[in-house]
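Colleague: The file below is entry06.pdb, PDB, C-alpha atoms:
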ATOM      1  CA  MET J 145      92.106 102.080  94.845  1.00  0.00           C
ATOM      2  CA  THR J 146      94.922 101.623  92.315  1.00  0.00           C
ATOM      3  CA  LYS J 147      94.812  98.585  90.031  1.00  0.00           C
ATOM      4  CA  ARG J 148      98.115  97.311  88.693  1.00  0.00           C
ATOM      5  CA  ILE J 149      97.194  94.200  86.735  1.00  0.00           C
ATOM      6  CA  PRO J 150      99.915  93.619  84.129  1.00  0.00           C
ATOM      7  CA  ALA J 151      98.912  93.571  80.476  1.00  0.00           C
ATOM      8  CA  GLN J 152      99.391  90.503  78.253  1.00  0.00           C
ATOM      9  CA  ALA J 153      99.389  88.183  81.272  1.00  0.00           C
ATOM     10  CA  GLY J 154      95.978  86.497  80.871  1.00  0.00           C
ATOM     11  CA  LEU J 155      94.600  88.196  83.985  1.00  0.00           C
ATOM     12  CA  GLY J 156      91.852  90.286  82.389  1.00  0.00           C
ATOM     13  CA  GLY J 157      93.458  93.645  83.134  1.00  0.00           C
ATOM     14  CA  GLY J 158      92.078  95.336  80.023  1.00  0.00           C
ATOM     15  CA  SER J 159      88.643  93.752  80.462  1.00  0.00           C
ATOM     16  CA  ALA J 160      88.519  94.939  84.071  1.00  0.00           C
ATOM     17  CA  ASP J 161      89.321  98.482  82.913  1.00  0.00           C
ATOM     18  CA  ALA J 162      86.511  98.339  80.337  1.00  0.00           C
ATOM     19  CA  ALA J 163      84.045  97.008  82.924  1.00  0.00           C
ATOM     20  CA  ALA J 164      85.012  99.735  85.385  1.00  0.00           C
ATOM     21  CA  ALA J 165      84.549 102.417  82.707  1.00  0.00           C
ATOM     22  CA  LEU J 166      81.133 101.031  81.753  1.00  0.00           C
ATOM     23  CA  LEU J 167      79.886 101.014  85.345  1.00  0.00           C
ATOM     24  CA  ALA J 168      81.395 104.442  86.053  1.00  0.00           C
ATOM     25  CA  MET J 169      79.629 105.990  83.052  1.00  0.00           C
ATOM     26  CA  GLU J 170      76.364 104.424  84.179  1.00  0.00           C
ATOM     27  CA  ARG J 171      76.734 105.873  87.661  1.00  0.00           C
ATOM     28  CA  LEU J 172      77.856 109.321  86.460  1.00  0.00           C
ATOM     29  CA  SER J 173      74.995 109.587  83.970  1.00  0.00           C
ATOM     30  CA  GLY J 174      72.426 108.455  86.523  1.00  0.00           C
ATOM     31  CA  ARG J 175      71.042 105.940  83.996  1.00  0.00           C
ATOM     32  CA  ARG J 176      70.783 102.542  85.624  1.00  0.00           C
ATOM     33  CA  ARG J 177      70.564  99.756  83.046  1.00  0.00           C
ATOM     34  CA  SER J 178      69.041  96.337  83.437  1.00  0.00           C
ATOM     35  CA  ARG J 179      71.435  93.457  84.086  1.00  0.00           C
ATOM     36  CA  LYS J 180      70.845  92.079  80.577  1.00  0.00           C
ATOM     37  CA  ARG J 181      71.450  95.428  78.877  1.00  0.00           C
ATOM     38  CA  ARG J 182      74.591  96.012  80.944  1.00  0.00           C
ATOM     39  CA  LEU J 183      76.012  92.603  80.012  1.00  0.00           C
ATOM     40  CA  ASP J 184      75.069  93.077  76.343  1.00  0.00           C
ATOM     41  CA  LEU J 185      76.996  96.355  76.249  1.00  0.00           C
ATOM     42  CA  ALA J 186      79.910  94.707  78.026  1.00  0.00           C
ATOM     43  CA  ALA J 187      79.991  91.918  75.416  1.00  0.00           C
ATOM     44  CA  GLU J 188      80.319  94.533  72.662  1.00  0.00           C
ATOM     45  CA  LEU J 189      83.472  95.822  74.358  1.00  0.00           C
ATOM     46  CA  GLY J 190      85.109  92.405  74.708  1.00  0.00           C
ATOM     47  CA  SER J 191      84.436  88.754  75.412  1.00  0.00           C
ATOM     48  CA  ASP J 192      85.755  88.906  78.990  1.00  0.00           C
ATOM     49  CA  VAL J 193      84.124  92.200  79.931  1.00  0.00           C
ATOM     50  CA  PRO J 194      80.763  90.658  80.986  1.00  0.00           C
ATOM     51  CA  PHE J 195      82.611  88.448  83.455  1.00  0.00           C
ATOM     52  CA  ALA J 196      84.473  91.465  84.837  1.00  0.00           C
ATOM     53  CA  VAL J 197      81.111  93.208  85.287  1.00  0.00           C
ATOM     54  CA  LEU J 198      79.481  90.182  86.914  1.00  0.00           C
ATOM     55  CA  GLY J 199      82.382  89.096  89.142  1.00  0.00           C
ATOM     56  CA  GLY J 200      82.489  85.975  91.273  1.00  0.00           C
ATOM     57  CA  THR J 201      82.769  82.501  89.745  1.00  0.00           C
ATOM     58  CA  ALA J 202      81.086  81.756  86.432  1.00  0.00           C
ATOM     59  CA  LEU J 203      81.053  79.403  83.447  1.00  0.00           C
ATOM     60  CA  GLY J 204      81.452  81.238  80.145  1.00  0.00           C
ATOM     61  CA  LEU J 205      80.067  79.812  76.903  1.00  0.00           C
ATOM     62  CA  GLY J 206      79.946  81.189  73.385  1.00  0.00           C
ATOM     63  CA  ARG J 207      82.840  83.647  73.170  1.00  0.00           C
ATOM     64  CA  GLY J 208      82.898  83.636  76.946  1.00  0.00           C
ATOM     65  CA  GLU J 209      80.164  86.253  77.184  1.00  0.00           C
ATOM     66  CA  ARG J 210      77.302  83.835  77.983  1.00  0.00           C
ATOM     67  CA  LEU J 211      77.706  83.449  81.717  1.00  0.00           C
ATOM     68  CA  THR J 212      76.253  81.062  84.264  1.00  0.00           C
ATOM     69  CA  ARG J 213      77.036  81.742  87.904  1.00  0.00           C
ATOM     70  CA  LEU J 214      78.795  78.885  89.707  1.00  0.00           C
ATOM     71  CA  ARG J 215      79.093  78.175  93.410  1.00  0.00           C
ATOM     72  CA  LEU J 216      82.466  77.419  94.932  1.00  0.00           C
ATOM     73  CA  ARG J 217      82.534  74.231  96.974  1.00  0.00           C
ATOM     74  CA  ARG J 218      84.958  75.883  99.372  1.00  0.00           C
ATOM     75  CA  PRO J 219      87.269  78.897  99.436  1.00  0.00           C
ATOM     76  CA  PHE J 220      90.681  78.282  97.931  1.00  0.00           C
ATOM     77  CA  ARG J 221      94.086  79.904  97.837  1.00  0.00           C
ATOM     78  CA  ALA J 222      96.620  80.060  95.039  1.00  0.00           C
ATOM     79  CA  ILE J 223      99.981  81.518  94.172  1.00  0.00           C
ATOM     80  CA  LEU J 224     100.199  83.550  90.970  1.00  0.00           C
ATOM     81  CA  VAL J 225     103.520  84.072  89.183  1.00  0.00           C
ATOM     82  CA  VAL J 226     103.954  86.623  86.395  1.00  0.00           C
ATOM     83  CA  PRO J 227     106.985  85.865  84.193  1.00  0.00           C
ATOM     84  CA  ARG J 228     108.955  88.602  82.472  1.00  0.00           C
ATOM     85  CA  TRP J 229     107.782  87.445  79.050  1.00  0.00           C
ATOM     86  CA  ARG J 230     104.321  88.360  77.803  1.00  0.00           C
ATOM     87  CA  ILE J 231     101.752  86.918  75.388  1.00  0.00           C
ATOM     88  CA  PRO J 232      99.863  89.497  73.272  1.00  0.00           C
ATOM     89  CA  THR J 233      96.189  88.538  73.511  1.00  0.00           C
ATOM     90  CA  ALA J 234      95.443  89.103  69.820  1.00  0.00           C
ATOM     91  CA  HIS J 235      98.396  86.888  68.868  1.00  0.00           C
ATOM     92  CA  ALA J 236      97.187  84.107  71.163  1.00  0.00           C
ATOM     93  CA  PHE J 237      93.727  84.124  69.597  1.00  0.00           C
ATOM     94  CA  ARG J 238      95.189  84.148  66.082  1.00  0.00           C
ATOM     95  CA  GLN J 239      97.139  81.018  66.994  1.00  0.00           C
ATOM     96  CA  ILE J 240      93.959  79.367  68.268  1.00  0.00           C
ATOM     97  CA  ASP J 241      92.228  80.214  64.968  1.00  0.00           C
ATOM     98  CA  ARG J 242      95.200  79.027  62.898  1.00  0.00           C
ATOM     99  CA  LYS J 243      95.263  75.655  64.597  1.00  0.00           C
ATOM    100  CA  ARG J 244      91.455  75.435  64.501  1.00  0.00           C
ATOM    101  CA  LEU J 245      91.307  74.831  68.217  1.00  0.00           C
ATOM    102  CA  GLY J 246      88.377  75.663  70.405  1.00  0.00           C
ATOM    103  CA  LEU J 247      89.019  77.520  73.648  1.00  0.00           C
ATOM    104  CA  THR J 248      88.057  74.283  75.400  1.00  0.00           C
ATOM    105  CA  ASP J 249      88.353  70.725  74.070  1.00  0.00           C
ATOM    106  CA  TRP J 250      84.565  70.416  73.795  1.00  0.00           C
ATOM    107  CA  THR J 251      84.619  66.971  72.185  1.00  0.00           C
ATOM    108  CA  ALA J 252      85.961  65.544  75.442  1.00  0.00           C
ATOM    109  CA  ASN J 253      84.677  68.049  77.985  1.00  0.00           C
ATOM    110  CA  LEU J 254      81.388  69.561  76.793  1.00  0.00           C
ATOM    111  CA  ARG J 255      79.277  67.263  78.966  1.00  0.00           C
ATOM    112  CA  SER J 256      81.470  67.982  81.991  1.00  0.00           C
ATOM    113  CA  ALA J 257      81.300  71.727  81.359  1.00  0.00           C
ATOM    114  CA  ARG J 258      77.518  71.693  81.142  1.00  0.00           C
ATOM    115  CA  GLN J 259      77.284  69.844  84.427  1.00  0.00           C
ATOM    116  CA  LEU J 260      79.460  72.322  86.292  1.00  0.00           C
ATOM    117  CA  GLY J 261      76.542  74.462  87.425  1.00  0.00           C
ATOM    118  CA  ARG J 262      74.632  71.592  88.987  1.00  0.00           C
ATOM    119  CA  ALA J 263      76.721  71.432  92.149  1.00  0.00           C
ATOM    120  CA  PRO J 264      79.335  73.569  93.886  1.00  0.00           C
ATOM    121  CA  ILE J 265      82.650  73.463  92.028  1.00  0.00           C
ATOM    122  CA  GLY J 266      86.259  73.257  93.142  1.00  0.00           C
ATOM    123  CA  PRO J 267      89.227  74.643  91.198  1.00  0.00           C
ATOM    124  CA  GLU J 268      90.392  71.127  90.312  1.00  0.00           C
ATOM    125  CA  GLU J 269      87.272  70.432  88.219  1.00  0.00           C
ATOM    126  CA  ALA J 270      87.681  73.697  86.346  1.00  0.00           C
ATOM    127  CA  LEU J 271      91.345  72.967  85.659  1.00  0.00           C
ATOM    128  CA  GLY J 272      90.360  69.515  84.419  1.00  0.00           C
ATOM    129  CA  LEU J 273      88.713  71.123  81.383  1.00  0.00           C
ATOM    130  CA  GLY J 274      92.133  72.245  80.187  1.00  0.00           C
ATOM    131  CA  ASN J 275      93.313  75.450  78.549  1.00  0.00           C
ATOM    132  CA  SER J 276      93.926  75.396  74.795  1.00  0.00           C
ATOM    133  CA  PHE J 277      96.197  78.436  75.061  1.00  0.00           C
ATOM    134  CA  GLU J 278      98.819  76.190  76.678  1.00  0.00           C
ATOM    135  CA  ASP J 279      99.151  74.446  73.297  1.00  0.00           C
ATOM    136  CA  VAL J 280      99.807  77.605  71.247  1.00  0.00           C
ATOM    137  CA  LEU J 281     102.616  79.214  73.262  1.00  0.00           C
ATOM    138  CA  GLY J 282     105.118  78.526  70.516  1.00  0.00           C
ATOM    139  CA  ALA J 283     108.665  79.415  71.550  1.00  0.00           C
ATOM    140  CA  LYS J 284     107.457  80.296  75.055  1.00  0.00           C
ATOM    141  CA  ARG J 285     106.063  76.840  75.779  1.00  0.00           C
ATOM    142  CA  ARG J 286     109.378  75.561  77.145  1.00  0.00           C
ATOM    143  CA  GLU J 287     109.556  78.516  79.556  1.00  0.00           C
ATOM    144  CA  TYR J 288     105.969  77.941  80.628  1.00  0.00           C
ATOM    145  CA  LEU J 289     106.629  74.261  81.310  1.00  0.00           C
ATOM    146  CA  ALA J 290     109.755  75.127  83.298  1.00  0.00           C
ATOM    147  CA  LEU J 291     107.815  77.593  85.461  1.00  0.00           C
ATOM    148  CA  ARG J 292     105.003  75.078  85.901  1.00  0.00           C
ATOM    149  CA  ASP J 293     107.470  72.430  87.066  1.00  0.00           C
ATOM    150  CA  ARG J 294     109.086  74.884  89.477  1.00  0.00           C
ATOM    151  CA  LEU J 295     105.693  75.667  91.031  1.00  0.00           C
ATOM    152  CA  ILE J 296     104.915  71.993  91.475  1.00  0.00           C
ATOM    153  CA  SER J 297     108.338  71.344  92.998  1.00  0.00           C
ATOM    154  CA  ALA J 298     107.814  74.296  95.353  1.00  0.00           C
ATOM    155  CA  GLY J 299     104.645  72.700  96.729  1.00  0.00           C
ATOM    156  CA  ALA J 300     101.779  74.077  94.639  1.00  0.00           C
ATOM    157  CA  GLY J 301      99.021  71.657  93.689  1.00  0.00           C
ATOM    158  CA  ALA J 302      97.174  71.882  90.364  1.00  0.00           C
ATOM    159  CA  VAL J 303      99.033  74.339  88.111  1.00  0.00           C
ATOM    160  CA  GLY J 304      97.883  76.032  84.937  1.00  0.00           C
ATOM    161  CA  LEU J 305      98.214  78.977  82.565  1.00  0.00           C
ATOM    162  CA  SER J 306      95.976  81.936  83.389  1.00  0.00           C
ATOM    163  CA  GLY J 307      93.800  82.735  80.376  1.00  0.00           C
ATOM    164  CA  SER J 308      95.871  83.348  77.262  1.00  0.00           C
ATOM    165  CA  GLY J 309      99.032  83.789  79.355  1.00  0.00           C
ATOM    166  CA  SER J 310     101.584  84.536  80.449  1.00  0.00           C
ATOM    167  CA  ALA J 311     100.776  84.353  84.195  1.00  0.00           C
ATOM    168  CA  VAL J 312     100.905  80.890  85.782  1.00  0.00           C
ATOM    169  CA  PHE J 313      99.046  79.883  88.934  1.00  0.00           C
ATOM    170  CA  GLY J 314      99.191  76.987  91.351  1.00  0.00           C
ATOM    171  CA  ILE J 315      96.458  75.989  93.785  1.00  0.00           C
ATOM    172  CA  LEU J 316      97.657  75.771  97.389  1.00  0.00           C
ATOM    173  CA  SER J 317      96.487  72.745  99.315  1.00  0.00           C
ATOM    174  CA  GLY J 318      95.621  72.537 102.991  1.00  0.00           C
ATOM    175  CA  SER J 319      97.452  74.987 105.196  1.00  0.00           C
ATOM    176  CA  MET J 320     100.489  75.331 102.939  1.00  0.00           C
ATOM    177  CA  PRO J 321     101.628  78.969 103.405  1.00  0.00           C
ATOM    178  CA  ALA J 322     101.916  80.950 100.186  1.00  0.00           C
ATOM    179  CA  ARG J 323     105.144  82.532 101.397  1.00  0.00           C
ATOM    180  CA  VAL J 324     106.723  79.112 101.826  1.00  0.00           C
ATOM    181  CA  VAL J 325     105.905  78.157  98.234  1.00  0.00           C
ATOM    182  CA  ALA J 326     107.092  81.574  97.020  1.00  0.00           C
ATOM    183  CA  GLY J 327     110.371  81.127  98.880  1.00  0.00           C
ATOM    184  CA  ARG J 328     110.984  77.682  97.449  1.00  0.00           C
ATOM    185  CA  LEU J 329     110.185  78.827  93.923  1.00  0.00           C
ATOM    186  CA  GLY J 330     113.419  80.723  93.368  1.00  0.00           C
ATOM    187  CA  GLY J 331     113.796  83.064  90.423  1.00  0.00           C
ATOM    188  CA  THR J 332     112.954  86.756  90.309  1.00  0.00           C
ATOM    189  CA  GLU J 333     109.422  86.755  88.867  1.00  0.00           C
ATOM    190  CA  PRO J 334     106.800  88.791  90.762  1.00  0.00           C
ATOM    191  CA  ARG J 335     104.487  86.462  92.674  1.00  0.00           C
ATOM    192  CA  TYR J 336     101.222  87.023  94.501  1.00  0.00           C
ATOM    193  CA  ALA J 337      99.060  85.204  97.002  1.00  0.00           C
ATOM    194  CA  VAL J 338      95.478  84.893  95.740  1.00  0.00           C
ATOM    195  CA  LYS J 339      92.439  84.110  97.859  1.00  0.00           C
ATOM    196  CA  SER J 340      89.046  83.348  96.343  1.00  0.00           C
ATOM    197  CA  GLU J 341      86.253  85.812  97.097  1.00  0.00           C
ATOM    198  CA  SER J 342      82.501  85.674  96.504  1.00  0.00           C
ATOM    199  CA  VAL J 343      82.994  88.605  94.125  1.00  0.00           C
ATOM    200  CA  GLY J 344      86.383  89.393  92.626  1.00  0.00           C
ATOM    201  CA  LEU J 345      89.610  88.449  94.362  1.00  0.00           C
ATOM    202  CA  ARG J 346      92.182  89.766  96.789  1.00  0.00           C
ATOM    203  CA  LEU J 347      95.921  89.858  96.133  1.00  0.00           C
ATOM    204  CA  GLU J 348      98.888  89.997  98.453  1.00  0.00           C
ATOM    205  CA  VAL J 349     102.277  90.846  96.968  1.00  0.00           C
ATOM    206  CA  LEU J 350     104.869  88.250  97.989  1.00  0.00           C
ATOM    207  CA  SER J 351     107.895  89.732  96.259  1.00  0.00           C
TER
END
If you convert what's in this file into structure tokens, what do you get?
Modeller:
Amino acid sequence: MTKRIPAQAGLGGGSADAAAALLAMERLSGRRRSRKRRLDLAAELGSDVPFAVLGGTALGLGRGERLTRLRLRRPFRAILVVPRWRIPTAHAFRQIDRKRLGLTDWTANLRSARQLGRAPIGPEEALGLGNSFEDVLGAKRREYLALRDRLISAGAGAVGLSGSGSAVFGILSGSMPARVVAGRLGGTEPRYAVKSESVGLRLEVLS
């Protein structure tokens, strides 16, 4: 399998590489670690690496490394668009620190976040918690908003920034075909159809 997740797009490409290396070394050495030890080592490599090791759907607390598995209420589909511009991850986090923002607006959403694991979750509830990285895009914010509006106009439902950016996704409702939304979107950005999976995800290149 060849993985081609673009860097600086908020898709966890680097974290997935680190998780794959960690698991490969474990298998090659013949030393099977406990789940806790494996996740502890992953957290030393990066905040998102434990999630890449665990897979599936999860709520991340702390730096994102304290994970609680979540159940999806139902499978969902989305369209993912990767603009030509990129957001360096380190820069995005520096902006969060400079503005003294948390990764989630906990004052308004902490109670909601803690209740997420009590029942199966849909993507709309997760999106309702917001993404602070959307507020620190600087000069790229106008381009993000334009792409978001294009996705909505093309027929996507809830739309948001993926991680620290720059990829933008839109949830597809009902039987809306991803190729129809991709065709209406216009532009030349690469776009992908995404389908939720119990572990990981599956992508289909649309253009």
Colleague: What does the PyMOL selection byres ((chain J and resi 299) around 10) select in this file, as a PyMOL selection string?
Modeller: chain J and resi 294-298+300-302+314-317+320-322+324-326+328-329
Colleague: Pick the closest to J:Gly200 from J:Arg215, J:Ser310, J:Gly274, J:Ala164: which is it, counting only C-alpha atoms?
Modeller: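 Selected residue with least distance to J:Gly200: J:Arg215.
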Colleague: Select, from J:Arg285, J:Ser308, J:Pro267, J:Gly157, the residue with the minimum atom-to-atom distance to J:Ala234, counting all atoms listed in the file.
Modeller: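 Selected residue with least distance to J:Ala234: J:Ser308.
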Colleague: Considering all atoms listed in the file, state which residue in the set J:Gln239, J:Ser159, J:Ser306, J:Ser173 is at the smallest distance from J:Tyr288.
Modeller: J:Ser306
Colleague: Specify the axis-aligned box that encloses all atoms of stretch 151-157 of chain J listed in the file after padding of 4 Å on each side, stating its centre and edge lengths in Å to one decimal as JSON.
Modeller:
{"center_x": 95.6, "center_y": 90.1, "center_z": 81.1, "size_x": 15.5, "size_y": 15.1, "size_z": 13.7}
Colleague: Work out how far apart atom CA of J:Thr212 and atom CA of J:Leu273 are and give it in Å to one decimal.
Modeller: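 For atom CA of J:Thr212 relative to atom CA of J:Leu273, the distance reads 16.2 Å.
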Colleague: At what distance in Å, to one decimal, does atom CA of J:Lys284 lie from atom CA of J:Thr233?
Modeller: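 It comes out at 14.0 Å.
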Colleague: List every protein, DNA or RNA residue that has an atom no more than 8 Å from (98.6, 71.8, 83.0) in the file's coordinate frame, counting all atoms listed in the file, and report them as a list in words.
Modeller: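 Counting all atoms listed in the file, I find these residues within 8 Å of (98.6, 71.8, 83.0): Leu271, Gly274, Asn275, Glu278, Arg292, Ala302, Val303, Gly304 and Leu305 of chain J.
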Colleague: When the PyMOL selection byres ((chain J and resi 226) around 9) is applied to the file above, which residues end up in the set, as a PDB file with C-alpha atoms, in the frame of the given file?
Modeller:
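The result, stored in part_35.pdb:
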ATOM      1  CA  PRO J 150      99.915  93.619  84.129  1.00  0.00           C
ATOM      2  CA  ALA J 153      99.389  88.183  81.272  1.00  0.00           C
ATOM      3  CA  LEU J 224     100.199  83.550  90.970  1.00  0.00           C
ATOM      4  CA  VAL J 225     103.520  84.072  89.183  1.00  0.00           C
ATOM      5  CA  PRO J 227     106.985  85.865  84.193  1.00  0.00           C
ATOM      6  CA  ARG J 228     108.955  88.602  82.472  1.00  0.00           C
ATOM      7  CA  TRP J 229     107.782  87.445  79.050  1.00  0.00           C
ATOM      8  CA  ARG J 230     104.321  88.360  77.803  1.00  0.00           C
ATOM      9  CA  SER J 310     101.584  84.536  80.449  1.00  0.00           C
ATOM     10  CA  ALA J 311     100.776  84.353  84.195  1.00  0.00           C
ATOM     11  CA  VAL J 312     100.905  80.890  85.782  1.00  0.00           C
ATOM     12  CA  PHE J 313      99.046  79.883  88.934  1.00  0.00           C
ATOM     13  CA  GLU J 333     109.422  86.755  88.867  1.00  0.00           C
ATOM     14  CA  PRO J 334     106.800  88.791  90.762  1.00  0.00           C
ATOM     15  CA  ARG J 335     104.487  86.462  92.674  1.00  0.00           C
ATOM     16  CA  TYR J 336     101.222  87.023  94.501  1.00  0.00           C
TER      17      TYR J 336
END
Colleague: Which value, in Å to one decimal, gives the distance between atom CA of J:Leu211 and atom CA of J:Leu189?
Modeller: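 If I compute the distance from atom CA of J:Leu211 to atom CA of J:Leu189, I get 15.5 Å.
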Colleague: For the structure shown, which residues end up in the PyMOL selection byres ((chain J and resi 195) around 9)? Put them as a VMD selection string, please?
Modeller: chain J and resid 159 to 160 163 183 186 191 to 194 196 to 202 204 208 to 211
Colleague: Taking only C-alpha atoms into account, which of J:Leu172, J:Leu350, J:Leu281, J:Ala162 comes nearest J:Arg238?
Modeller: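 Of the candidates, the smallest distance to J:Arg238 is held by J:Leu281.
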Colleague: J:Ile265, J:Leu155, J:Leu289, J:Ala337: which is nearest J:Arg213, counting all atoms listed in the file?
Modeller: J:Ile265
